[in-house]
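*Asks:* Got a structure here, written out as structure tokens. Questions coming.
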Amino acid sequence: MTQSISEKLETVRQQALAEIAAASAEGQLYQLKSRYTGKKSDLSAVLADLGALSIDEKRQIGGLANTVKTDVLQAIEDRLSQVVQSTAAASFDATAPGIPCVVGSQHPLTMVLDELKDVFGKMGFAVAEGPEVETDYYNFEALNTPKHHPARDMQDTFYVSDEVLLRTHTSPVQVRLMEKQKPPIRAIMPGRVYRNEEISARSYCLFHQMEGLYIDAHVTFADLKGTIDAFVRNYFGNSVKSKFRPSFFPFTEPSAEVDIQCFLCNSKGCPVCKRTGWLEIMGCGMVDPNVFNAVGINPDEWSGFAFGMGIERIAMLKYDVTDIRLFFENDLRFLEQFKHV
Ligand code: DAH
């Protein structure tokens with residue numbers, strides 16, 4: 001009796017292992033699991049009938065039935081993991097196209113700034129930066145613009161306190177740089193500036209400027225003109241001419257504003273250049289001796305020029321943008337247009 005039960009169990013084991021080894025799908029294996037180890041299986045039947053056997057037989061047959069069950073369950077586990085792995089490998093197609101990732105684009109102001117850094121970098125200008133929250137001293141006083149100077153009205157200022165303000169231009173970085181570094185100095189200073197102006201298509205409460213400063217022995221107005229002309233040709237096109245118009249800034253003497261030929265209408269006259277054929281792009285001049293004195297540079301030994309331009313203005317001209325607010329609203333419909341420029 002015991003003999004025949006153990007033979008039967010052995011047959012069950014052989015048959016189960018053979019079928020498990022031949023199974024090639026997960027579902028098949030789950031079926032085999034229930035057929036060989038479930039409630040209605042031969043194994044369960046043997047275990048249910050143990051009551052009729054002697055204690056020794058119970059121990060022998062019970063033990064055997066349990067090993068058969070463990071072996072079958074283990075074989076099913078092993079085969080399952082093989083089957084799962086090989087299905088995953090078979091469904092991987094190395095030739096399938098990749099999942100495209102969404103590529104963003106640079107902000108147009110970043111693009112313009114990078115281009116400007118590149119053009120001036122090739123002319124030997126390093127990049128310097130300064131704080132946006134500035135003192136009255138750096139923003140005005142040291143730039144030859146004492147309190148009550150009428151030129152302060154040229155820039156509507158956000159004051160934090162009597163002596164602290166949001167910088168209205170990047171010119172204070174010139175002062176900080178000259179305090180830190182002995183001449184020769186050749187640097188551009190880009191950054192954000194703030195003005196308490198009414199917001200419109202043409203002006204915004206914050207915008208960007210790029211300052212330039214070149215100080216050495218014997219720097220002349222001719223160097224300023226040559227540098228600006230080279231910049232205009234490099235940046236706007238080799239045939240674009242520039243001209244200097246006399247102007248006033250407290251920190252430069254003499255001072256000028258630079259106009260370039262309107263490349264939108266080929267100087268014929270259009271709404272953007274207000275029918276003049278010329279576009280104003282920057283202010284500049286020779287560093288005023290008072291500014292040199294404020295930073296302890298001897299004006300008899302050194303001379304230099306400075307310039308400052310609005311980045312939004314350049315970007316608006318270059319990409320034909322008619323409303324400055326678009327640069328700050330982060331509307332994707334606007335920003336996405338610069339993806340492949
Ligand atoms: N800071 C001036 C402004 O915001 C621009 C400027 C003019 C900067 C002349 C200069 C300069 O360095 O020499 O309007």
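In the structure tokens, chains take the letters A, B, ... in the order shown, each chain's residues start at 1, and ligands count up from 1 in the order shown.
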Residues at most 7 Å from segment 308-315 of chain A, counting only C-alpha atoms, excluding those fewer than 2 positions away in the same chain, as a PDB file with N, CA, C and O atoms, in the first residue's frame?
*Replies:*
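This went into part-v4.pdb:
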ATOM      1  N   LEU A 109      16.111  86.673 -24.899  1.00  0.00           N
ATOM      2  CA  LEU A 109      17.073  87.594 -24.267  1.00  0.00           C
ATOM      3  C   LEU A 109      18.391  86.882 -23.966  1.00  0.00           C
ATOM      4  O   LEU A 109      19.470  87.464 -24.105  1.00  0.00           O
ATOM      5  N   VAL A 112      20.283  86.676 -27.261  1.00  0.00           N
ATOM      6  CA  VAL A 112      20.925  87.934 -27.643  1.00  0.00           C
ATOM      7  C   VAL A 112      22.153  88.190 -26.763  1.00  0.00           C
ATOM      8  O   VAL A 112      23.225  88.553 -27.262  1.00  0.00           O
ATOM      9  N   PHE A 207      14.202  95.576 -17.058  1.00  0.00           N
ATOM     10  CA  PHE A 207      14.733  95.189 -18.367  1.00  0.00           C
ATOM     11  C   PHE A 207      16.229  94.881 -18.206  1.00  0.00           C
ATOM     12  O   PHE A 207      16.716  94.809 -17.075  1.00  0.00           O
ATOM     13  N   HIS A 208      16.913  94.661 -19.295  1.00  0.00           N
ATOM     14  CA  HIS A 208      18.330  94.285 -19.206  1.00  0.00           C
ATOM     15  C   HIS A 208      19.196  95.280 -19.968  1.00  0.00           C
ATOM     16  O   HIS A 208      18.767  95.825 -20.977  1.00  0.00           O
ATOM     17  N   GLN A 209      20.373  95.476 -19.430  1.00  0.00           N
ATOM     18  CA  GLN A 209      21.342  96.324 -20.129  1.00  0.00           C
ATOM     19  C   GLN A 209      22.672  95.603 -20.215  1.00  0.00           C
ATOM     20  O   GLN A 209      22.926  94.647 -19.477  1.00  0.00           O
ATOM     21  N   MET A 210      23.511  96.081 -21.108  1.00  0.00           N
ATOM     22  CA  MET A 210      24.882  95.611 -21.104  1.00  0.00           C
ATOM     23  C   MET A 210      25.810  96.811 -21.164  1.00  0.00           C
ATOM     24  O   MET A 210      25.716  97.647 -22.068  1.00  0.00           O
ATOM     25  N   GLU A 211      26.646  96.895 -20.157  1.00  0.00           N
ATOM     26  CA  GLU A 211      27.594  97.983 -20.044  1.00  0.00           C
ATOM     27  C   GLU A 211      28.923  97.530 -20.643  1.00  0.00           C
ATOM     28  O   GLU A 211      29.243  96.341 -20.618  1.00  0.00           O
ATOM     29  N   GLY A 212      29.695  98.488 -21.168  1.00  0.00           N
ATOM     30  CA  GLY A 212      31.035  98.136 -21.630  1.00  0.00           C
ATOM     31  C   GLY A 212      32.027  99.153 -21.087  1.00  0.00           C
ATOM     32  O   GLY A 212      31.682 100.332 -20.920  1.00  0.00           O
ATOM     33  N   ILE A 281      20.811 102.742 -30.743  1.00  0.00           N
ATOM     34  CA  ILE A 281      21.088 101.475 -30.039  1.00  0.00           C
ATOM     35  C   ILE A 281      21.859 101.605 -28.729  1.00  0.00           C
ATOM     36  O   ILE A 281      21.879 100.680 -27.933  1.00  0.00           O
ATOM     37  N   MET A 282      22.531 102.713 -28.491  1.00  0.00           N
ATOM     38  CA  MET A 282      23.269 102.785 -27.215  1.00  0.00           C
ATOM     39  C   MET A 282      23.728 104.198 -26.887  1.00  0.00           C
ATOM     40  O   MET A 282      23.709 105.095 -27.728  1.00  0.00           O
ATOM     41  N   GLY A 283      24.114 104.377 -25.601  1.00  0.00           N
ATOM     42  CA  GLY A 283      24.767 105.598 -25.158  1.00  0.00           C
ATOM     43  C   GLY A 283      26.222 105.274 -24.874  1.00  0.00           C
ATOM     44  O   GLY A 283      26.564 104.142 -24.533  1.00  0.00           O
ATOM     45  N   CYS A 284      27.094 106.286 -25.019  1.00  0.00           N
ATOM     46  CA  CYS A 284      28.515 106.018 -24.778  1.00  0.00           C
ATOM     47  C   CYS A 284      29.277 107.318 -24.587  1.00  0.00           C
ATOM     48  O   CYS A 284      28.717 108.412 -24.665  1.00  0.00           O
ATOM     49  N   LEU A 317      14.600  94.767 -32.068  1.00  0.00           N
ATOM     50  CA  LEU A 317      14.996  95.132 -33.427  1.00  0.00           C
ATOM     51  C   LEU A 317      15.354  93.889 -34.226  1.00  0.00           C
ATOM     52  O   LEU A 317      14.890  93.692 -35.347  1.00  0.00           O
ATOM     53  N   LYS A 318      16.158  93.024 -33.596  1.00  0.00           N
ATOM     54  CA  LYS A 318      16.653  91.867 -34.332  1.00  0.00           C
ATOM     55  C   LYS A 318      15.525  90.896 -34.709  1.00  0.00           C
ATOM     56  O   LYS A 318      15.524  90.328 -35.794  1.00  0.00           O
ATOM     57  N   TYR A 319      14.573  90.675 -33.800  1.00  0.00           N
ATOM     58  CA  TYR A 319      13.539  89.667 -34.066  1.00  0.00           C
ATOM     59  C   TYR A 319      12.174  90.275 -34.353  1.00  0.00           C
ATOM     60  O   TYR A 319      11.167  89.580 -34.322  1.00  0.00           O
ATOM     61  N   ILE A 324       7.484  94.984 -25.609  1.00  0.00           N
ATOM     62  CA  ILE A 324       8.542  94.559 -24.675  1.00  0.00           C
ATOM     63  C   ILE A 324       8.012  93.590 -23.620  1.00  0.00           C
ATOM     64  O   ILE A 324       8.744  92.753 -23.088  1.00  0.00           O
TER      65      ILE A 324
END
*Asks:* Return as a VMD selection string every polymer residue, whether protein, DNA or RNA, with at least one atom no more than 9 Å from an atom of ligand 1; count only C-alpha atoms and all ligand atoms.
*Replies:* chain A and resid 154 to 155 168 to 172 174 193 209 to 213 247 to 253 255 to 257 282 to 287 305 to 310
*Asks:* Write out, as a short mmCIF file (atom, residue, chain, number, x, y, z; two decimals), in the first residue's frame, the residues just selected, with N, CA, C and O atoms.
*Replies:*
data_model
loop_
_atom_site.label_atom_id
_atom_site.label_comp_id
_atom_site.auth_asym_id
_atom_site.auth_seq_id
_atom_site.Cartn_x
_atom_site.Cartn_y
_atom_site.Cartn_z
N MET A 154 16.39 111.55 -15.31
CA MET A 154 16.37 110.75 -16.55
C MET A 154 15.94 109.31 -16.24
O MET A 154 15.52 108.58 -17.12
N GLN A 155 16.12 108.88 -14.99
CA GLN A 155 15.82 107.49 -14.64
C GLN A 155 14.94 107.45 -13.40
O GLN A 155 15.36 107.84 -12.32
N THR A 168 19.26 101.37 -11.61
CA THR A 168 18.50 101.84 -12.77
C THR A 168 19.26 101.60 -14.06
O THR A 168 18.74 101.81 -15.15
N HIS A 169 20.53 101.23 -13.93
CA HIS A 169 21.35 100.93 -15.10
C HIS A 169 22.52 100.03 -14.68
O HIS A 169 22.71 99.79 -13.47
N THR A 170 23.27 99.52 -15.64
CA THR A 170 24.40 98.65 -15.28
C THR A 170 25.68 99.46 -15.05
O THR A 170 26.72 98.89 -14.71
N SER A 171 25.61 100.79 -15.21
CA SER A 171 26.82 101.62 -15.04
C SER A 171 27.49 101.47 -13.67
O SER A 171 28.73 101.57 -13.59
N PRO A 172 26.74 101.25 -12.55
CA PRO A 172 27.43 101.08 -11.26
C PRO A 172 28.44 99.92 -11.26
O PRO A 172 29.38 99.95 -10.46
N GLN A 174 30.57 99.35 -13.49
CA GLN A 174 31.85 99.99 -13.89
C GLN A 174 32.63 100.42 -12.67
O GLN A 174 33.83 100.18 -12.55
N VAL A 193 18.06 95.54 -14.82
CA VAL A 193 17.94 96.88 -14.22
C VAL A 193 16.45 97.20 -14.04
O VAL A 193 15.59 96.56 -14.66
N GLN A 209 20.37 95.48 -19.43
CA GLN A 209 21.34 96.32 -20.13
C GLN A 209 22.67 95.60 -20.22
O GLN A 209 22.93 94.65 -19.48
N MET A 210 23.51 96.08 -21.11
CA MET A 210 24.88 95.61 -21.10
C MET A 210 25.81 96.81 -21.16
O MET A 210 25.72 97.65 -22.07
N GLU A 211 26.65 96.90 -20.16
CA GLU A 211 27.59 97.98 -20.04
C GLU A 211 28.92 97.53 -20.64
O GLU A 211 29.24 96.34 -20.62
N GLY A 212 29.69 98.49 -21.17
CA GLY A 212 31.04 98.14 -21.63
C GLY A 212 32.03 99.15 -21.09
O GLY A 212 31.68 100.33 -20.92
N LEU A 213 33.24 98.70 -20.80
CA LEU A 213 34.25 99.63 -20.26
C LEU A 213 35.62 99.22 -20.78
O LEU A 213 35.98 98.04 -20.75
N SER A 247 25.54 113.82 -27.23
CA SER A 247 24.50 113.63 -26.22
C SER A 247 25.06 114.02 -24.86
O SER A 247 26.16 114.59 -24.78
N PHE A 248 24.33 113.72 -23.81
CA PHE A 248 24.84 114.02 -22.47
C PHE A 248 24.60 112.86 -21.52
O PHE A 248 23.48 112.33 -21.44
N PHE A 249 25.65 112.44 -20.82
CA PHE A 249 25.53 111.55 -19.66
C PHE A 249 26.49 112.11 -18.62
O PHE A 249 27.60 112.54 -18.98
N PRO A 250 26.11 112.11 -17.34
CA PRO A 250 26.97 112.73 -16.32
C PRO A 250 28.33 112.05 -16.19
O PRO A 250 29.30 112.67 -15.79
N PHE A 251 28.36 110.71 -16.51
CA PHE A 251 29.59 109.95 -16.25
C PHE A 251 30.53 109.87 -17.44
O PHE A 251 31.57 109.21 -17.38
N THR A 252 30.16 110.51 -18.56
CA THR A 252 31.07 110.53 -19.72
C THR A 252 31.18 111.94 -20.27
O THR A 252 30.24 112.73 -20.22
N GLU A 253 32.36 112.26 -20.78
CA GLU A 253 32.57 113.57 -21.39
C GLU A 253 33.70 113.46 -22.41
O GLU A 253 34.81 113.14 -22.02
N SER A 255 29.99 112.85 -24.51
CA SER A 255 29.05 111.74 -24.58
C SER A 255 28.40 111.69 -25.96
O SER A 255 28.34 112.71 -26.65
N ALA A 256 27.95 110.51 -26.31
CA ALA A 256 27.28 110.37 -27.61
C ALA A 256 26.22 109.29 -27.55
O ALA A 256 26.21 108.47 -26.63
N GLU A 257 25.30 109.33 -28.50
CA GLU A 257 24.39 108.20 -28.70
C GLU A 257 24.70 107.62 -30.08
O GLU A 257 25.07 108.36 -31.00
N MET A 282 22.53 102.71 -28.49
CA MET A 282 23.27 102.78 -27.21
C MET A 282 23.73 104.20 -26.89
O MET A 282 23.71 105.10 -27.73
N GLY A 283 24.11 104.38 -25.60
CA GLY A 283 24.77 105.60 -25.16
C GLY A 283 26.22 105.27 -24.87
O GLY A 283 26.56 104.14 -24.53
N CYS A 284 27.09 106.29 -25.02
CA CYS A 284 28.51 106.02 -24.78
C CYS A 284 29.28 107.32 -24.59
O CYS A 284 28.72 108.41 -24.66
N GLY A 285 30.55 107.20 -24.34
CA GLY A 285 31.39 108.40 -24.20
C GLY A 285 32.71 108.06 -23.54
O GLY A 285 33.01 106.90 -23.23
N MET A 286 33.51 109.12 -23.33
CA MET A 286 34.80 108.95 -22.65
C MET A 286 34.58 109.11 -21.15
O MET A 286 33.90 110.05 -20.72
N VAL A 287 35.14 108.18 -20.37
CA VAL A 287 34.91 108.19 -18.92
C VAL A 287 35.30 109.56 -18.34
O VAL A 287 36.40 110.07 -18.58
N PHE A 305 36.87 104.53 -22.42
CA PHE A 305 35.49 104.78 -22.87
C PHE A 305 34.54 103.81 -22.23
O PHE A 305 34.95 102.74 -21.73
N ALA A 306 33.25 104.20 -22.23
CA ALA A 306 32.20 103.34 -21.68
C ALA A 306 31.02 103.38 -22.62
O ALA A 306 30.86 104.34 -23.39
N PHE A 307 30.22 102.33 -22.58
CA PHE A 307 28.97 102.36 -23.37
C PHE A 307 27.94 101.51 -22.66
O PHE A 307 28.25 100.68 -21.79
N GLY A 308 26.68 101.76 -22.98
CA GLY A 308 25.61 100.97 -22.37
C GLY A 308 24.46 100.82 -23.35
O GLY A 308 24.09 101.78 -24.03
N MET A 309 23.95 99.59 -23.44
CA MET A 309 22.83 99.38 -24.38
C MET A 309 21.74 98.51 -23.75
O MET A 309 22.01 97.74 -22.82
N GLY A 310 20.52 98.66 -24.22
CA GLY A 310 19.39 97.88 -23.72
C GLY A 310 19.27 96.58 -24.50
O GLY A 310 19.22 96.59 -25.73
#
*Asks:* So that I can see what lies close to Val46 of chain A, please list as a list of chain:residue names the residues with an atom at most 9 Å from it, counting only C-alpha atoms and leaving out residues fewer than 6 positions away in the same chain.
*Replies:* A:Ile5, A:Leu9, A:Ile61, A:Gly62, A:Ala65
*Asks:* Could those residues be written to a file, using all heavy atoms, as a tab-separated table (two decimals), in the first residue's frame?
*Replies:*
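Result file is part_5.tsv:
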chain	number	residue	atom	x	y	z
A	5	ILE	N	1.59	3.99	-3.01
A	5	ILE	CA	1.37	5.44	-2.86
A	5	ILE	C	2.65	6.21	-3.19
A	5	ILE	O	2.64	7.18	-3.93
A	5	ILE	CB	0.90	5.82	-1.43
A	5	ILE	CG1	-0.44	5.17	-1.14
A	5	ILE	CG2	0.75	7.34	-1.31
A	5	ILE	CD1	-0.98	5.48	0.23
A	9	LEU	N	3.25	8.96	-6.06
A	9	LEU	CA	3.78	10.31	-5.83
A	9	LEU	C	4.99	10.60	-6.72
A	9	LEU	O	5.14	11.68	-7.28
A	9	LEU	CB	4.19	10.46	-4.35
A	9	LEU	CG	3.03	10.62	-3.36
A	9	LEU	CD1	3.56	10.61	-1.92
A	9	LEU	CD2	2.26	11.90	-3.62
A	61	ILE	N	4.92	8.74	4.12
A	61	ILE	CA	4.17	9.24	2.95
A	61	ILE	C	3.96	10.75	3.03
A	61	ILE	O	4.15	11.49	2.06
A	61	ILE	CB	2.80	8.53	2.84
A	61	ILE	CG1	2.99	7.03	2.67
A	61	ILE	CG2	2.00	9.10	1.67
A	61	ILE	CD1	3.72	6.63	1.42
A	62	GLY	N	3.61	11.21	4.24
A	62	GLY	CA	3.40	12.66	4.44
A	62	GLY	C	4.65	13.42	4.06
A	62	GLY	O	4.61	14.43	3.34
A	65	ALA	N	5.14	13.30	0.27
A	65	ALA	CA	4.17	14.18	-0.43
A	65	ALA	C	4.59	15.63	-0.30
A	65	ALA	O	4.51	16.42	-1.27
A	65	ALA	CB	2.77	13.96	0.16
*Asks:* I'd like the neighbourhood of Ile20 of chain A as a list of chain:residue names, where a residue qualifies if any of its atoms comes within 12 Å (using only C-alpha atoms), though same-chain residues fewer than 4 positions away should be ignored.
*Replies:*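 Answer for this query is A:Val12, A:Arg13, A:Gln14, A:Gln15, A:Ala16, A:Ser24, A:Ala25, A:Glu26, A:Gly27, A:Gln28, A:Leu29, A:Tyr30, A:Gln31, A:Leu32, A:Lys33, A:Arg35, A:Tyr36, A:Asp71, A:Val72, A:Leu73, A:Gln74, A:Ala75, A:Ile76, A:Glu77, A:Asp78, A:Arg79, A:Leu80, A:Gln82, A:Val83.
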*Asks:* If we count only C-alpha atoms and set the cut-off at 10 Å, which residues sit around segment 94-104 of chain A, ignoring sequence neighbours fewer than 5 positions away in its own chain? Please answer as a compact mmCIF listing (two decimals) with N, CA, C and O atoms, in the first residue's frame.
*Replies:*
# COMPACT_ATOMS: atom_id res chain seq x y z
N LEU A 335 7.56 82.16 -26.87
CA LEU A 335 8.91 81.60 -26.67
C LEU A 335 9.24 80.50 -27.67
O LEU A 335 10.38 80.37 -28.12
N GLU A 336 8.21 79.69 -28.04
CA GLU A 336 8.48 78.58 -28.95
C GLU A 336 8.93 79.02 -30.34
O GLU A 336 9.54 78.27 -31.08
N PHE A 338 11.26 80.85 -30.98
CA PHE A 338 12.71 81.03 -31.03
C PHE A 338 13.46 79.71 -31.04
O PHE A 338 14.67 79.69 -30.93
N LYS A 339 12.70 78.60 -31.17
CA LYS A 339 13.32 77.28 -31.08
C LYS A 339 14.43 77.05 -32.09
O LYS A 339 15.46 76.55 -31.77
*Asks:* Step one, run DSSP on the backbone; step two, keep only residues of segment 127-338 of chain A assigned to helix (DSSP H, G or I); then write them as a count of residues only.
*Replies:* 65
*Asks:* So how many Å separate atom CA of Arg176 of chain A and atom CA of Pro190 of chain A, to one decimal?
*Replies:*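 Here the two named atoms are 13.7 Å from each other.
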*Asks:* Taking only residues of segment 130-245 of chain A that have an atom at most 12 Å from an atom of segment 289-302 of chain A, what is each one's shortest atom pair and its distance in Å to one decimal, using only C-alpha atoms, in chain and number order, as a Markdown table?
*Replies:*
| residue | atom | partner | partner_atom | distance |
| --- | --- | --- | --- | --- |
| A:Tyr137 | CA | A:Ala294 | CA | 10.2 |
| A:Tyr138 | CA | A:Ala294 | CA | 10.1 |
| A:Asn139 | CA | A:Val291 | CA | 11.9 |
| A:Phe140 | CA | A:Val291 | CA | 10.5 |
| A:Glu141 | CA | A:Ala294 | CA | 8.9 |
| A:Ala142 | CA | A:Ala294 | CA | 5.7 |
| A:Leu143 | CA | A:Val291 | CA | 5.6 |
| A:Asn144 | CA | A:Val291 | CA | 6.1 |
| A:Thr145 | CA | A:Val291 | CA | 9.7 |
| A:Pro146 | CA | A:Asn290 | CA | 11.3 |
| A:Ser171 | CA | A:Val291 | CA | 11.0 |
| A:Pro172 | CA | A:Val291 | CA | 10.7 |
| A:Val173 | CA | A:Val295 | CA | 12.0 |
| A:Gln174 | CA | A:Val291 | CA | 9.6 |
| A:Val175 | CA | A:Val295 | CA | 6.7 |
| A:Arg176 | CA | A:Val295 | CA | 8.4 |
| A:Leu177 | CA | A:Val295 | CA | 9.3 |
| A:Met178 | CA | A:Val295 | CA | 6.3 |
| A:Glu179 | CA | A:Val295 | CA | 5.4 |
| A:Lys180 | CA | A:Val295 | CA | 9.1 |
| A:Gln181 | CA | A:Ile297 | CA | 10.0 |
| A:Lys182 | CA | A:Ile297 | CA | 7.9 |
| A:Pro183 | CA | A:Trp302 | CA | 7.6 |
| A:Pro184 | CA | A:Trp302 | CA | 8.5 |
| A:Ile185 | CA | A:Trp302 | CA | 10.4 |
| A:Tyr214 | CA | A:Trp302 | CA | 10.4 |
| A:Ile215 | CA | A:Trp302 | CA | 6.7 |
| A:Asp216 | CA | A:Trp302 | CA | 5.6 |
| A:Ala217 | CA | A:Trp302 | CA | 4.7 |
| A:His218 | CA | A:Trp302 | CA | 6.7 |
| A:Val219 | CA | A:Trp302 | CA | 7.8 |
| A:Thr220 | CA | A:Trp302 | CA | 10.5 |
*Asks:* Give me, please, the distance in Å between atom CA of Gly277 of chain A and atom CA of Gln261 of chain A, quoted to one decimal.
*Replies:*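 These atoms are spaced 6.0 Å apart.
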*Asks:* I want to know what sits within 12 Å of Ile199 of chain A, based on only C-alpha atoms, with residues of the same chain fewer than 4 positions away left out; could you give that as a compact mmCIF listing (two decimals) with N, CA, C and O atoms, in the first residue's frame?
*Replies:*
# COMPACT_ATOMS: atom_id res chain seq x y z
N TYR A 194 16.15 98.17 -13.18
CA TYR A 194 14.75 98.45 -12.82
C TYR A 194 14.44 99.93 -12.96
O TYR A 194 15.26 100.78 -12.56
N ARG A 195 13.26 100.24 -13.48
CA ARG A 195 12.84 101.65 -13.52
C ARG A 195 11.35 101.76 -13.23
O ARG A 195 10.55 100.96 -13.72
N SER A 203 7.98 100.24 -22.71
CA SER A 203 8.79 100.26 -21.48
C SER A 203 8.19 99.36 -20.42
O SER A 203 6.97 99.21 -20.32
N TYR A 204 9.09 98.78 -19.63
CA TYR A 204 8.69 97.83 -18.60
C TYR A 204 9.45 98.18 -17.33
O TYR A 204 10.51 98.82 -17.39
N CYS A 205 8.93 97.74 -16.18
CA CYS A 205 9.57 98.13 -14.90
C CYS A 205 10.92 97.46 -14.70
O CYS A 205 11.72 97.88 -13.86
N LEU A 206 11.17 96.38 -15.42
CA LEU A 206 12.52 95.81 -15.38
C LEU A 206 12.93 95.49 -16.80
O LEU A 206 12.08 95.21 -17.65
N PHE A 207 14.20 95.58 -17.06
CA PHE A 207 14.73 95.19 -18.37
C PHE A 207 16.23 94.88 -18.21
O PHE A 207 16.72 94.81 -17.07
N ASP A 323 6.33 94.39 -28.77
CA ASP A 323 5.87 94.69 -27.41
C ASP A 323 6.86 94.11 -26.40
O ASP A 323 7.05 92.89 -26.32
N ILE A 324 7.48 94.98 -25.61
CA ILE A 324 8.54 94.56 -24.68
C ILE A 324 8.01 93.59 -23.62
O ILE A 324 8.74 92.75 -23.09
N ARG A 325 6.70 93.69 -23.31
CA ARG A 325 6.12 92.84 -22.26
C ARG A 325 6.19 91.36 -22.59
O ARG A 325 6.23 90.51 -21.71
N PHE A 328 8.63 89.09 -20.81
CA PHE A 328 8.50 88.80 -19.38
C PHE A 328 7.27 87.96 -19.05
O PHE A 328 7.09 87.56 -17.91
*Asks:* Which is closer to Asn330 of chain A than all the others in A:Gln106, A:Pro246, A:Arg186, A:Met316, using only C-alpha atoms?
*Replies:* A:Gln106
*Asks:* Name the closest residue to Asp331 of chain A among the candidates A:Leu165, A:Phe231, A:His107, A:Lys8; distances are taken between atoms, counting only C-alpha atoms.
*Replies:*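 Between A:Leu165, A:Phe231, A:His107, A:Lys8, the residue approaching Asp331 of chain A most closely is A:His107.
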*Asks:* Using only C-alpha atoms, find the one residue out of A:Asn266, A:Thr135, A:Thr37, A:Ser303 that sits nearest to Leu224 of chain A.
*Replies:*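 For Leu224 of chain A, the nearest of the candidates is A:Ser303.
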*Asks:* What gap, in Å, lies between atom CA of Phe120 of chain A and atom CA of Ile188 of chain A?
*Replies:*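 Separation of atom CA of Phe120 of chain A and atom CA of Ile188 of chain A: 7.6 Å.
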*Asks:* DSSP on the backbone, then: every residue of segment 81-323 of chain A marked strand (DSSP E or B), written as an mmCIF file with C-alpha atoms, in the first residue's frame.
*Replies:*
data_model
loop_
_atom_site.group_PDB
_atom_site.id
_atom_site.type_symbol
_atom_site.label_atom_id
_atom_site.label_comp_id
_atom_site.auth_asym_id
_atom_site.auth_seq_id
_atom_site.Cartn_x
_atom_site.Cartn_y
_atom_site.Cartn_z
ATOM 1 C CA ALA A 126 35.787 89.878 -20.198
ATOM 2 C CA VAL A 127 32.393 89.560 -18.442
ATOM 3 C CA VAL A 133 20.104 96.004 -5.177
ATOM 4 C CA GLU A 134 22.547 98.900 -5.169
ATOM 5 C CA THR A 135 23.433 101.881 -3.066
ATOM 6 C CA TYR A 159 14.100 103.282 -3.694
ATOM 7 C CA VAL A 164 19.472 101.784 -1.109
ATOM 8 C CA LEU A 165 17.741 101.289 -4.447
ATOM 9 C CA LEU A 166 17.197 98.896 -7.347
ATOM 10 C CA ILE A 185 40.400 97.014 -17.910
ATOM 11 C CA ARG A 186 38.315 95.636 -20.758
ATOM 12 C CA ALA A 187 34.944 94.215 -19.739
ATOM 13 C CA ILE A 188 31.262 93.989 -20.537
ATOM 14 C CA MET A 189 28.742 93.953 -17.684
ATOM 15 C CA PRO A 190 25.322 92.514 -18.495
ATOM 16 C CA GLY A 191 22.406 92.406 -16.071
ATOM 17 C CA ARG A 192 18.894 93.272 -14.991
ATOM 18 C CA VAL A 193 17.936 96.877 -14.223
ATOM 19 C CA TYR A 194 14.749 98.452 -12.818
ATOM 20 C CA LEU A 206 12.521 95.815 -15.377
ATOM 21 C CA PHE A 207 14.733 95.189 -18.367
ATOM 22 C CA HIS A 208 18.330 94.285 -19.206
ATOM 23 C CA GLN A 209 21.342 96.324 -20.129
ATOM 24 C CA MET A 210 24.882 95.611 -21.104
ATOM 25 C CA GLU A 211 27.594 97.983 -20.044
ATOM 26 C CA GLY A 212 31.035 98.136 -21.630
ATOM 27 C CA LEU A 213 34.252 99.630 -20.257
ATOM 28 C CA TYR A 214 37.711 99.952 -21.741
ATOM 29 C CA ILE A 215 40.487 101.663 -19.800
ATOM 30 C CA ASP A 216 44.140 101.848 -20.720
ATOM 31 C CA SER A 242 26.686 103.478 -37.548
ATOM 32 C CA LYS A 243 26.858 107.152 -36.627
ATOM 33 C CA PHE A 244 27.524 109.070 -33.421
ATOM 34 C CA ARG A 245 25.218 111.858 -32.241
ATOM 35 C CA PRO A 246 26.358 114.255 -29.479
ATOM 36 C CA SER A 247 24.500 113.631 -26.219
ATOM 37 C CA PHE A 248 24.843 114.016 -22.474
ATOM 38 C CA PHE A 249 25.533 111.554 -19.660
ATOM 39 C CA THR A 252 31.070 110.528 -19.717
ATOM 40 C CA GLU A 253 32.574 113.573 -21.392
ATOM 41 C CA PRO A 254 32.169 113.914 -24.277
ATOM 42 C CA SER A 255 29.049 111.735 -24.580
ATOM 43 C CA ALA A 256 27.280 110.372 -27.613
ATOM 44 C CA GLU A 257 24.394 108.197 -28.699
ATOM 45 C CA VAL A 258 24.915 105.642 -31.441
ATOM 46 C CA ASP A 259 22.474 105.143 -34.302
ATOM 47 C CA ILE A 260 22.679 102.350 -36.838
ATOM 48 C CA GLN A 261 21.120 102.235 -40.273
ATOM 49 C CA TRP A 278 18.216 105.275 -38.306
ATOM 50 C CA LEU A 279 17.805 103.267 -35.072
ATOM 51 C CA GLU A 280 19.277 104.358 -31.750
ATOM 52 C CA ILE A 281 21.088 101.475 -30.039
ATOM 53 C CA MET A 282 23.269 102.785 -27.215
ATOM 54 C CA GLY A 283 24.767 105.598 -25.158
ATOM 55 C CA CYS A 284 28.515 106.018 -24.778
ATOM 56 C CA GLY A 285 31.388 108.395 -24.199
ATOM 57 C CA MET A 286 34.805 108.948 -22.654
ATOM 58 C CA VAL A 287 34.908 108.192 -18.917
ATOM 59 C CA SER A 303 41.759 107.214 -20.099
ATOM 60 C CA GLY A 304 38.883 105.108 -21.305
ATOM 61 C CA PHE A 305 35.492 104.784 -22.871
ATOM 62 C CA ALA A 306 32.203 103.339 -21.679
ATOM 63 C CA PHE A 307 28.972 102.356 -23.366
ATOM 64 C CA GLY A 308 25.612 100.973 -22.369
ATOM 65 C CA MET A 309 22.825 99.378 -24.382
ATOM 66 C CA GLY A 310 19.394 97.879 -23.716
#
